[in-house]
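Remarks on the structure that follows.
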Amino acid sequence: MNSSMINAAMSMHAMQRKLDVIADNIANLNTAGYKRKTASFEELLTTLKRQDERFAQDGRKTPLGYTIGWGVRMTQVLQDMTQGAVQVTNNPYDLAIIGNALFEVVTNAAGDRAYTRSGAFRATLNEDGDIVVTTTEGYPVVVRDANGGEGPLLVPAGYSLNVDESGRVSAVSADGSDVVPLGELKLVEPARPDALLLVSDNLYVLREDADAAEALRDIQPGADSDVRLVQGSLEQSNVSLETEMTELMMVQRAYQLSARALASADTMMSLANQLRA
Amino acid sequence: MLRGLYTAAAGMIAQQRRHDTVTNNISNLNTPGYKQVNAVGRSFPEMLLHLTGVEGDKPRKIGAVNTGVFAEESLSVHIQGDLYSTGRSADFAIRSDLQVPGVQFDGSGKAVDENGNVVFQPQAFFTLQARDGNIRFTRNGSFTVDQEGYLVANDGSYVLGADNNPIQFPQGTSIDRLTLTGDLRFVDDLGADTGAQLLVTVIENPNRLVNEGYGKFRLNDEDAGLARPLAADDRVEVRQGHLERSNVDAAQAMVDLMSALRAYESNQRVIQFYDQSLNKAVNEVGKV
């Protein structure tokens with residue numbers, strides 16, 4: 001097989017992977033809190049054919065040796081964590097983060113934590129009739145009380161939820177006369193975004209070998225911070241259809257061009273076969 | 001044997017190399033920081049032909065021929081690629097237009113003076129330290145911050161700072177809060193210096209770089225003198241949140257691909273014609 005053929009086949013494979021990433025982004029155009037993914041590409045290895053001293057002729061510009069590249073590969077999928085647009089929904093359980101931070105949720109009885117940007121929470125009732133604020137998948141949101149203890153966000157029955165821009169949570173009775181402070185929402189800033197792994201349901205978890213203290217930083221939202229919380233609003237996906245479509249076009253054309261190179265390499269092999277017609 | 005048979009075969013191999021190189025350029029149409037490679041051909045050494053065996057006469061000179069061609073060098077074209085915004089704080093792109101006093105470079109990054117001497121435009125590169133400790137240069141500024149706070153390239157190579165040590169950000173600092181200043185220092189959102197400064201290396205003659213693959217170049221030991229750290233008055237800027245596009249020209253690549261294929265085909269036909277001549281010589285000459 002000639003190297004053009006291997007090369008073109010490798011790059012078609014890589015382009016296909018990039019198309020998958022773009023398709024994922026477009027599918028999540030309307031997912032609250034979704035962060036766009038970008039694929040990063042890298043040239044593959046090159047082989048160096050050695051040349052001896054006699055090749056060092058006048059007019060040669062490069063050092064001895066002839067390099068042949070072998071195509072391209074997709075190295076990693078990176079998250080574009082830029083802010084998405086904030087849409088007003090007037091649902092008290094919708095919370096939007098403005099700035100770089102994540103909500104913390106509990107994913108199982110053992111108390112394992114996950115992080116999410118999606119503030120589309122909902123009210124679930126527990127056996128005592130209290131409202132537990134959870135994600136759409138049912139994972140409770142973590143709040144911190146005045147003593148620093150962490151627990152789920154429980155709103156007493158008949159009370160409504162109130163969250164201010166600093167993340168302080170309180171329950172307000174129906175007539176507004178009774179306000180019960182419930183602590184503050186725990187928000188973390190990913191100081192080392194690479195230590196976070198995107199799992200399903202728009203949740204991030206810490207990689208197993210990651211140091212939580214190093215990777216995540218507790219932050220205090222509010223007026224004197226660059227992070228704020230908005231109740232009754234949702235952060236939309238930060239995918240822009242225009243960008244994705246232009247990327248799609250570029251990838252598609254690159255794919256076509258590689259397919260042409262493959263066809264051309266095939267023609268060359270056929271010509272070599274027909275040498276003795 | 002007929003001399004031209006081997007010439008045409010050499011031509012086929014050389015065109016195959018050219019085709020491989022163009023295919024690799026097409027493959028890397030969307031690779032950040034990729035530099036287009038051109039295959040440069042060279043003819044085989046000249047051979048002087050003499051007419052001998054003429055009675056009572058000295059051998060007569062006929063002339064020189066080249067008996068073939070080969071792909072001699074793969075030349076990277078180190079001209080600036082376009083920048084595009086990615087929105088990631090750990091993406092960096094170099095824009096360089098380095099000048100040499102008294103020399104005016106053309107669009108392809110070279111200048112020829114009246115005596116025919118060629119000067120190539122110096123280029124700026126990010127400096128990486130591979131895990132084995134070797135120094136590499138790259139234009140692909142798609143970096144990430146690893147879990148220990150080091151700024152690393154795709155394969156985990158460290159990005160070097162101006163003090164020639166890997167750049168490591170202090171604990172708890174997110175790259176999203178850092179801004180790269182004009183003199184390549186990282187300052188946080190309050191304007192405080194983090195002590196990290198990006199090292200950009202200038203290579204005086206980028207043609208001497210050897211492509212190692214994975215977007216990385218190295219300098220051979222004898223060329224180590226061609227590298228120097230960026231000086232304050234160099235016309236180089238590094239943009240955070242941007243990447244440099246591959247400088248491959250897709251239309252030109254398509255044309256090169258077609259012409260390599262057709263030249264390969266022509267050489268193949270020439271071999272067929274020689275084969276037919278041989279056929280005549282072997283089977284028809286002297287046939288009764």
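Residues in the structure tokens are numbered from 1 in each chain, the chains being A, B, ... in the order shown, and ligands are numbered from 1 in the order shown.
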
Looking only at strand (DSSP E or B) from DSSP on the backbone, list the matching residues of range 30-239 of chain A as an NGL selection string. :A and (37-43 or 45-49 or 66-69 or 72-79 or 86-88 or 94-98 or 102-106 or 113-116 or 120 or 122-125 or 131-134 or 140-144 or 150-152 or 154-155 or 159-163 or 168-173 or 179-185 or 187-190 or 196-198 or 203-206 or 216-219 or 228-231 or 233-235)

If we count only C-alpha atoms, what is near Asp20 in chain A at a cut-off of 12 Å, once residues fewer than 3 positions away on the same chain are taken out, given as a CSV table (one decimal) with C-alpha atoms, in the first residue's frame?
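And here's around_0.csv as it stands now:
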```csv
chain,number,residue,atom,x,y,z
A,13,HIS,CA,-11.0,8.7,10.0
A,14,ALA,CA,-10.0,11.8,12.0
A,15,MET,CA,-12.4,14.1,10.1
A,16,GLN,CA,-15.2,11.6,10.9
A,17,ARG,CA,-14.4,12.0,14.6
A,23,ALA,CA,-23.0,16.6,15.5
A,24,ASP,CA,-22.9,16.4,19.3
A,25,ASN,CA,-22.8,20.2,19.6
A,26,ILE,CA,-25.6,20.7,17.2
A,27,ALA,CA,-27.8,18.1,19.0
A,37,LYS,CA,-16.9,20.8,22.6
A,38,THR,CA,-14.0,21.4,20.3
A,39,ALA,CA,-11.8,18.7,18.8
A,74,MET,CA,-7.7,13.9,16.8
A,77,VAL,CA,-11.9,16.9,23.0
A,244,GLU,CA,-20.9,24.8,14.0
A,247,GLU,CA,-16.9,24.1,11.0
A,248,LEU,CA,-19.1,21.4,9.4
A,251,VAL,CA,-14.6,19.4,7.8
A,252,GLN,CA,-16.8,18.1,5.0
```

Compile a residue-level contact table for chain A against chain B at a cut-off of 8 Å, reporting for every qualifying residue the shortest atom pair and its distance in Å to one decimal, with only C-alpha atoms counted, rows ordered by chain and ascending number, as CSV.
```
residue,atom,partner,partner_atom,distance
A:Ser3,CA,B:Asp20,CA,6.1
A:Ser4,CA,B:Asp20,CA,4.5
A:Asn7,CA,B:Asn24,CA,6.4
A:Ala8,CA,B:Ser27,CA,6.4
A:Ser11,CA,B:Ser27,CA,5.2
A:Met12,CA,B:Ser27,CA,7.9
A:Ser40,CA,B:Ser142,CA,7.5
A:Phe41,CA,B:Thr31,CA,5.3
A:Glu42,CA,B:Tyr214,CA,5.6
A:Glu43,CA,B:Tyr214,CA,4.5
A:Leu44,CA,B:Tyr214,CA,5.1
A:Leu45,CA,B:Gly213,CA,4.1
A:Thr46,CA,B:Gly213,CA,4.6
A:Thr47,CA,B:Glu212,CA,7.9
A:Phe55,CA,B:Glu72,CA,7.8
A:Arg60,CA,B:Glu73,CA,7.8
A:Lys61,CA,B:Asn207,CA,6.1
A:Thr62,CA,B:Arg208,CA,5.1
A:Pro63,CA,B:Arg208,CA,5.8
A:Leu64,CA,B:Glu73,CA,8.0
A:Gly65,CA,B:Glu73,CA,7.1
A:Tyr66,CA,B:Glu73,CA,5.3
A:Thr67,CA,B:Ser74,CA,6.1
A:Ile68,CA,B:Thr21,CA,6.8
A:Gly69,CA,B:Asn24,CA,5.9
A:Trp70,CA,B:Asn24,CA,6.4
A:Gly71,CA,B:Asn24,CA,5.3
A:Val72,CA,B:Ser27,CA,6.0
A:Thr75,CA,B:Asn154,CA,6.7
A:Gln76,CA,B:Asn154,CA,7.7
A:Asp80,CA,B:Arg88,CA,6.0
A:Met81,CA,B:Arg88,CA,7.5
A:Thr82,CA,B:Gly87,CA,6.8
A:Pro190,CA,B:Ser174,CA,7.0
A:Ala191,CA,B:Ser174,CA,4.0
A:Arg192,CA,B:Gln147,CA,6.1
A:Pro193,CA,B:Val145,CA,7.7
A:Asp194,CA,B:Asp146,CA,6.2
A:Ala195,CA,B:Gln147,CA,5.9
A:Ala210,CA,B:Gln147,CA,6.7
A:Asp211,CA,B:Gln147,CA,7.7
A:Ala213,CA,B:Gly172,CA,8.0
A:Glu214,CA,B:Gly172,CA,5.8
A:Ala215,CA,B:Gln147,CA,6.8
A:Leu216,CA,B:Gly172,CA,7.3
A:Arg217,CA,B:Gly172,CA,6.3
A:Val251,CA,B:Asn30,CA,7.8
A:Ala254,CA,B:Leu29,CA,6.7
A:Leu257,CA,B:Ile26,CA,6.8
A:Ser258,CA,B:Ile26,CA,6.3
A:Ala261,CA,B:Thr23,CA,6.0
A:Ser264,CA,B:Leu261,CA,6.7
A:Ala265,CA,B:His19,CA,7.9
A:Thr267,CA,B:Leu261,CA,7.9
A:Met268,CA,B:Leu261,CA,6.7
A:Leu271,CA,B:Glu265,CA,6.7
A:Ala272,CA,B:Gln268,CA,7.2
A:Leu275,CA,B:Gln272,CA,6.2
A:Arg276,CA,B:Gln272,CA,6.8
A:Ala277,CA,B:Gln272,CA,7.7
```

Polymer residues at most 10 Å from Leu199 in chain B, only C-alpha atoms, same-chain spacing of 2 or more positions, as a count of residues only: 21

Residues of range 5-165 of chain B in alpha helix (DSSP H) according to DSSP, as a PyMOL selection string? chain B and resi 5-27

Next, dump the selected residues to file, keeping only N, CA and C atoms, as a PDB file, in the first residue's frame.
```
ATOM      1  N   LEU B   5      14.221   3.459 -19.659  1.00  0.00           N
ATOM      2  CA  LEU B   5      13.299   2.633 -18.878  1.00  0.00           C
ATOM      3  C   LEU B   5      13.459   2.951 -17.394  1.00  0.00           C
ATOM      4  N   TYR B   6      14.756   3.040 -16.973  1.00  0.00           N
ATOM      5  CA  TYR B   6      15.020   3.317 -15.562  1.00  0.00           C
ATOM      6  C   TYR B   6      14.687   4.768 -15.228  1.00  0.00           C
ATOM      7  N   THR B   7      14.904   5.659 -16.192  1.00  0.00           N
ATOM      8  CA  THR B   7      14.594   7.063 -15.966  1.00  0.00           C
ATOM      9  C   THR B   7      13.109   7.231 -15.664  1.00  0.00           C
ATOM     10  N   ALA B   8      12.295   6.558 -16.473  1.00  0.00           N
ATOM     11  CA  ALA B   8      10.853   6.681 -16.284  1.00  0.00           C
ATOM     12  C   ALA B   8      10.412   6.047 -14.968  1.00  0.00           C
ATOM     13  N   ALA B   9      11.074   4.930 -14.602  1.00  0.00           N
ATOM     14  CA  ALA B   9      10.730   4.292 -13.329  1.00  0.00           C
ATOM     15  C   ALA B   9      11.073   5.220 -12.167  1.00  0.00           C
ATOM     16  N   ALA B  10      12.240   5.889 -12.256  1.00  0.00           N
ATOM     17  CA  ALA B  10      12.628   6.847 -11.213  1.00  0.00           C
ATOM     18  C   ALA B  10      11.609   7.984 -11.152  1.00  0.00           C
ATOM     19  N   GLY B  11      11.123   8.384 -12.336  1.00  0.00           N
ATOM     20  CA  GLY B  11      10.108   9.446 -12.389  1.00  0.00           C
ATOM     21  C   GLY B  11       8.842   9.035 -11.673  1.00  0.00           C
ATOM     22  N   MET B  12       8.440   7.776 -11.849  1.00  0.00           N
ATOM     23  CA  MET B  12       7.231   7.306 -11.171  1.00  0.00           C
ATOM     24  C   MET B  12       7.395   7.371  -9.656  1.00  0.00           C
ATOM     25  N   ILE B  13       8.577   6.945  -9.178  1.00  0.00           N
ATOM     26  CA  ILE B  13       8.793   6.941  -7.718  1.00  0.00           C
ATOM     27  C   ILE B  13       8.805   8.379  -7.178  1.00  0.00           C
ATOM     28  N   ALA B  14       9.442   9.276  -7.935  1.00  0.00           N
ATOM     29  CA  ALA B  14       9.510  10.670  -7.482  1.00  0.00           C
ATOM     30  C   ALA B  14       8.110  11.290  -7.429  1.00  0.00           C
ATOM     31  N   GLN B  15       7.261  10.986  -8.416  1.00  0.00           N
ATOM     32  CA  GLN B  15       5.908  11.534  -8.430  1.00  0.00           C
ATOM     33  C   GLN B  15       5.077  10.942  -7.297  1.00  0.00           C
ATOM     34  N   GLN B  16       5.360   9.686  -6.989  1.00  0.00           N
ATOM     35  CA  GLN B  16       4.683   9.044  -5.862  1.00  0.00           C
ATOM     36  C   GLN B  16       4.998   9.790  -4.556  1.00  0.00           C
ATOM     37  N   ARG B  17       6.263  10.157  -4.371  1.00  0.00           N
ATOM     38  CA  ARG B  17       6.674  10.917  -3.185  1.00  0.00           C
ATOM     39  C   ARG B  17       5.959  12.268  -3.138  1.00  0.00           C
ATOM     40  N   ARG B  18       5.864  12.894  -4.299  1.00  0.00           N
ATOM     41  CA  ARG B  18       5.213  14.203  -4.358  1.00  0.00           C
ATOM     42  C   ARG B  18       3.747  14.047  -3.965  1.00  0.00           C
ATOM     43  N   HIS B  19       3.135  12.984  -4.492  1.00  0.00           N
ATOM     44  CA  HIS B  19       1.735  12.705  -4.198  1.00  0.00           C
ATOM     45  C   HIS B  19       1.547  12.468  -2.691  1.00  0.00           C
ATOM     46  N   ASP B  20       2.463  11.708  -2.081  1.00  0.00           N
ATOM     47  CA  ASP B  20       2.394  11.446  -0.639  1.00  0.00           C
ATOM     48  C   ASP B  20       2.458  12.744   0.155  1.00  0.00           C
ATOM     49  N   THR B  21       3.362  13.626  -0.272  1.00  0.00           N
ATOM     50  CA  THR B  21       3.529  14.887   0.446  1.00  0.00           C
ATOM     51  C   THR B  21       2.273  15.744   0.347  1.00  0.00           C
ATOM     52  N   VAL B  22       1.688  15.810  -0.863  1.00  0.00           N
ATOM     53  CA  VAL B  22       0.478  16.616  -1.039  1.00  0.00           C
ATOM     54  C   VAL B  22      -0.667  16.012  -0.225  1.00  0.00           C
ATOM     55  N   THR B  23      -0.767  14.687  -0.201  1.00  0.00           N
ATOM     56  CA  THR B  23      -1.824  14.038   0.584  1.00  0.00           C
ATOM     57  C   THR B  23      -1.684  14.404   2.058  1.00  0.00           C
ATOM     58  N   ASN B  24      -0.433  14.440   2.534  1.00  0.00           N
ATOM     59  CA  ASN B  24      -0.226  14.810   3.933  1.00  0.00           C
ATOM     60  C   ASN B  24      -0.637  16.252   4.193  1.00  0.00           C
ATOM     61  N   ASN B  25      -0.398  17.126   3.220  1.00  0.00           N
ATOM     62  CA  ASN B  25      -0.850  18.521   3.374  1.00  0.00           C
ATOM     63  C   ASN B  25      -2.365  18.573   3.457  1.00  0.00           C
ATOM     64  N   ILE B  26      -3.040  17.804   2.589  1.00  0.00           N
ATOM     65  CA  ILE B  26      -4.503  17.791   2.590  1.00  0.00           C
ATOM     66  C   ILE B  26      -5.014  17.258   3.923  1.00  0.00           C
ATOM     67  N   SER B  27      -4.361  16.216   4.434  1.00  0.00           N
ATOM     68  CA  SER B  27      -4.769  15.642   5.718  1.00  0.00           C
ATOM     69  C   SER B  27      -4.709  16.684   6.823  1.00  0.00           C
TER      70      SER B  27
END
```

Find the residues near Asp188 in chain B: any atom within 8 Å, counting only C-alpha atoms, skip ones fewer than 5 places away on the same chain, and give them as number ranges by chain. B: 177-179, 193-194

Shell of 7 Å around Asn247 in chain B, only C-alpha atoms, local chain residues under 4 positions omitted, as a PyMOL selection string: chain B and resi 34-36+80-81

Mind dumping the selected residues with C-alpha atoms as a short mmCIF file (atom, residue, chain, number, x, y, z; two decimals), in the first residue's frame?
```cif
data_model
loop_
_atom_site.label_atom_id
_atom_site.label_comp_id
_atom_site.auth_asym_id
_atom_site.auth_seq_id
_atom_site.Cartn_x
_atom_site.Cartn_y
_atom_site.Cartn_z
CA TYR B 34 0.70 22.96 10.51
CA LYS B 35 3.13 24.18 7.87
CA GLN B 36 2.72 23.07 4.28
CA GLN B 80 2.23 32.77 8.70
CA GLY B 81 -1.14 31.00 8.89
#
```

Quick one: residues within 10 Å of Gly119 in chain A, only C-alpha atoms counted, chain neighbours fewer than 6 positions away excluded, as a list in words? Ala32, Gly33, Tyr93, Asp94, Leu95, Ala96, Ile97, Leu102, Phe103, Thr134, Thr135, Thr136, Val141, Leu229, Val230, Gln231, Gly232, Ser233, Leu234, Glu235 and Gln236 of chain A

I want to know what sits within 10 Å of Glu137 in chain A, based on only C-alpha atoms, with residues of the same chain fewer than 2 positions away left out; could you give that as a short mmCIF file (atom, residue, chain, number, x, y, z; two decimals) with N, CA and C atoms, in the first residue's frame?
```cif
data_model
loop_
_atom_site.label_atom_id
_atom_site.label_comp_id
_atom_site.auth_asym_id
_atom_site.auth_seq_id
_atom_site.Cartn_x
_atom_site.Cartn_y
_atom_site.Cartn_z
N THR A 107 -24.48 12.44 43.99
CA THR A 107 -25.00 11.49 43.00
C THR A 107 -25.43 10.15 43.57
N PHE A 121 -33.16 23.10 37.82
CA PHE A 121 -33.47 22.21 38.94
C PHE A 121 -34.97 21.99 39.03
N ARG A 122 -35.36 21.00 39.85
CA ARG A 122 -36.77 20.77 40.07
C ARG A 122 -37.01 20.40 41.52
N THR A 134 -33.43 19.21 43.35
CA THR A 134 -32.54 18.27 42.66
C THR A 134 -32.37 18.67 41.20
N THR A 135 -31.43 18.01 40.55
CA THR A 135 -31.32 18.18 39.10
C THR A 135 -32.47 17.40 38.46
N TYR A 139 -30.59 14.30 41.32
CA TYR A 139 -29.43 14.41 42.22
C TYR A 139 -29.58 15.69 43.06
N PRO A 140 -29.56 15.57 44.40
CA PRO A 140 -29.77 16.76 45.23
C PRO A 140 -28.62 17.77 45.13
N ASP A 201 -25.60 13.21 31.36
CA ASP A 201 -26.54 14.15 31.99
C ASP A 201 -25.92 15.51 32.29
#
```
